[in-house]
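Here is the structure we will look at.
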Amino acid sequence: TLQVAMAFALLSSLYGDFMQALGASLRIFDLMDRKPLVSNENGEILPLLDGHVEFKNVFFTYPSRPETPVIKGMNLTVNPGQVVALVGPSGGGKSTIVSLIERFYDPDSGTVLLGGRELSTLDPHWFRQKISMVSQEPTLFACSIKDNIAYGKVATDQEIEEAAKQSNAHEFIMTFENGYETLVGERGVRLSGGQKQRIAIARALIMDPVILLLDEATSALDAESEHLVQEAIDRAMKGRTVIVIAHRLSTVRNASKVIVIEKGEIAEQGTHDELLAHNGVYKRLVLRQLTAGGMNFDQLDINSIQ
Ligand code: ATP
């Protein structure tokens with residue numbers, strides 16, 4: 001029914017403009033607070049890494065805000081090959097969880113495990129190659145498209161082109177006179193949001209990561225770009241363990257597991273259907289949005305709603 005459709009539409013707008021604004025202001029602090037690559041000279045390199053991620057009783061507080069605990073005794077498990085969607089109100093701790101997996105920070109107590117090993121015992125240079133992050137607003141550098149894709153890896157032209165094809169970037173790159181040598185940034189071409197994202201996906205793909213971390217875009221791209229970005233993301237997710245800060249209804253519906261993060265804790269977890277059947281936070285979030293207004297149908301696949 002339309003009402004149900006509206007509820008779903010509102011769900012997809014849960015993480016809307018307000019949160020984006022907040023996010024942008026926090027990002028600045030992010031960079032200030034982050035540790036430089038945590039070194040671990042004797043860090044282990046595992047011969048094989050599956051996509052298993054686990055939080056065991058993790059507590060975390062940002063050093064710059066010691067009075068505000070952000071992650072409070074979190075236990076979570078992501079099994080290899082799963083697509084796990086993190087959802088929940090702004091400021092709940094979703095991005096922080098992702099940062100802890102990347103080891104931009106260490107927990108105050110508790111452990112984060114990757115492939116069954118404590119993250120702090122692993123060689124950070126090694127495991128960061130196994131994890132790729134595609135963020136909402138990817139950072140591109142003032143260099144060639146080619147170098148932006150290869151960033152962080154020595155890659156052949158062929159590998160770069162293959163990654164760009166997989167991420168639906170090859171075609172638009174070839175429309176530039178200088179192709180892959182085209183400069184981006186102030187002295188080069190201006191890319192649209194969707195094009196930047198496709199470059200970022202190519203950058204992630206070239207690492208062939210075991211784990212893909214994804215922060216879904218909240219702001220609507222133009223329809224064409226939206227489709228191409230989504231197709232590229234779907235391709236990138238195949239065969240990988242994915243942890244996604246989710247905004248799209250189709251993402252939460254298709255996730256192996258949805259984890260609702262609220263105030264640094266897991267409020268609920270289960271599949272989208274299970275959570276809706278259960279009269280809890282997830283369902284309340286949907287209903288609250290119904291009365292709060294601010295619908296955004298752009299990113300919603302209405303046809304998929306029964
Ligand atoms: P959003 O949906 O808005 O991105 P989120 O669920 O991802 O939110 P986080 O960004 O992880 O939440 O933020 C959790 C809490 O930590 C918030 O209270 C936020 O103000 C705080 N926070 C986030 N980053 C930093 C930082 N670098 N320094 C200090 N506090 C931070």
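A note on labels: chains of the structure tokens are A, B, ... as shown, every chain counts residues from 1, and ligands are counted from 1 in their shown order.
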Inset, instruction - Find the spatial neighbours of Lys72 (chain A), counting only C-alpha atoms, within a cut-off of 12 Å - ignore same-chain residues fewer than 3 positions away - and output them as a PyMOL selection string. - result: chain A and resi 55-61+68-69+75-76+92-93+96-97+107-110+261-267
Counting only C-alpha atoms, what is within 8 Å of Leu214 (chain A), bar same-chain residues fewer than 4 positions away, as a JSON list (two decimals) with N, CA and C atoms, in the first residue's frame?
[["chain", "number", "residue", "atom", "x", "y", "z"],
["A", 133, "MET", "N", 37.92, 1.03, 1.53],
["A", 133, "MET", "CA", 36.79, 1.85, 1.95],
["A", 133, "MET", "C", 36.33, 2.71, 0.78],
["A", 134, "VAL", "N", 35.04, 2.70, 0.52],
["A", 134, "VAL", "CA", 34.50, 3.66, -0.45],
["A", 134, "VAL", "C", 33.60, 4.60, 0.33],
["A", 135, "SER", "N", 34.01, 5.84, 0.43],
["A", 135, "SER", "CA", 33.25, 6.77, 1.26],
["A", 135, "SER", "C", 32.28, 7.59, 0.41],
["A", 242, "VAL", "N", 31.20, -7.50, 3.14],
["A", 242, "VAL", "CA", 30.90, -6.07, 3.01],
["A", 242, "VAL", "C", 30.28, -5.55, 4.30],
["A", 243, "ILE", "N", 30.80, -4.44, 4.75],
["A", 243, "ILE", "CA", 30.18, -3.74, 5.88],
["A", 243, "ILE", "C", 29.79, -2.37, 5.35],
["A", 244, "VAL", "N", 28.51, -2.11, 5.35],
["A", 244, "VAL", "CA", 28.02, -0.90, 4.70],
["A", 244, "VAL", "C", 27.21, -0.03, 5.67],
["A", 245, "ILE", "N", 27.57, 1.24, 5.74],
["A", 245, "ILE", "CA", 26.73, 2.20, 6.44],
["A", 245, "ILE", "C", 25.63, 2.51, 5.44]]
Legend entry - Separation of CA of Ser90 (chain A) from atom 10 (O, counted along the ligand's line) of ligand 1 in Å: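 Atom 10 (O, counted along the ligand's line) of ligand 1 sits 7.1 Å away from CA of Ser90 (chain A).
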Legend entry - Nearest candidate to ligand 1 (options A:Val83, A:Val252, A:Met237, A:Val98; using only C-alpha atoms and all ligand atoms): A:Val98
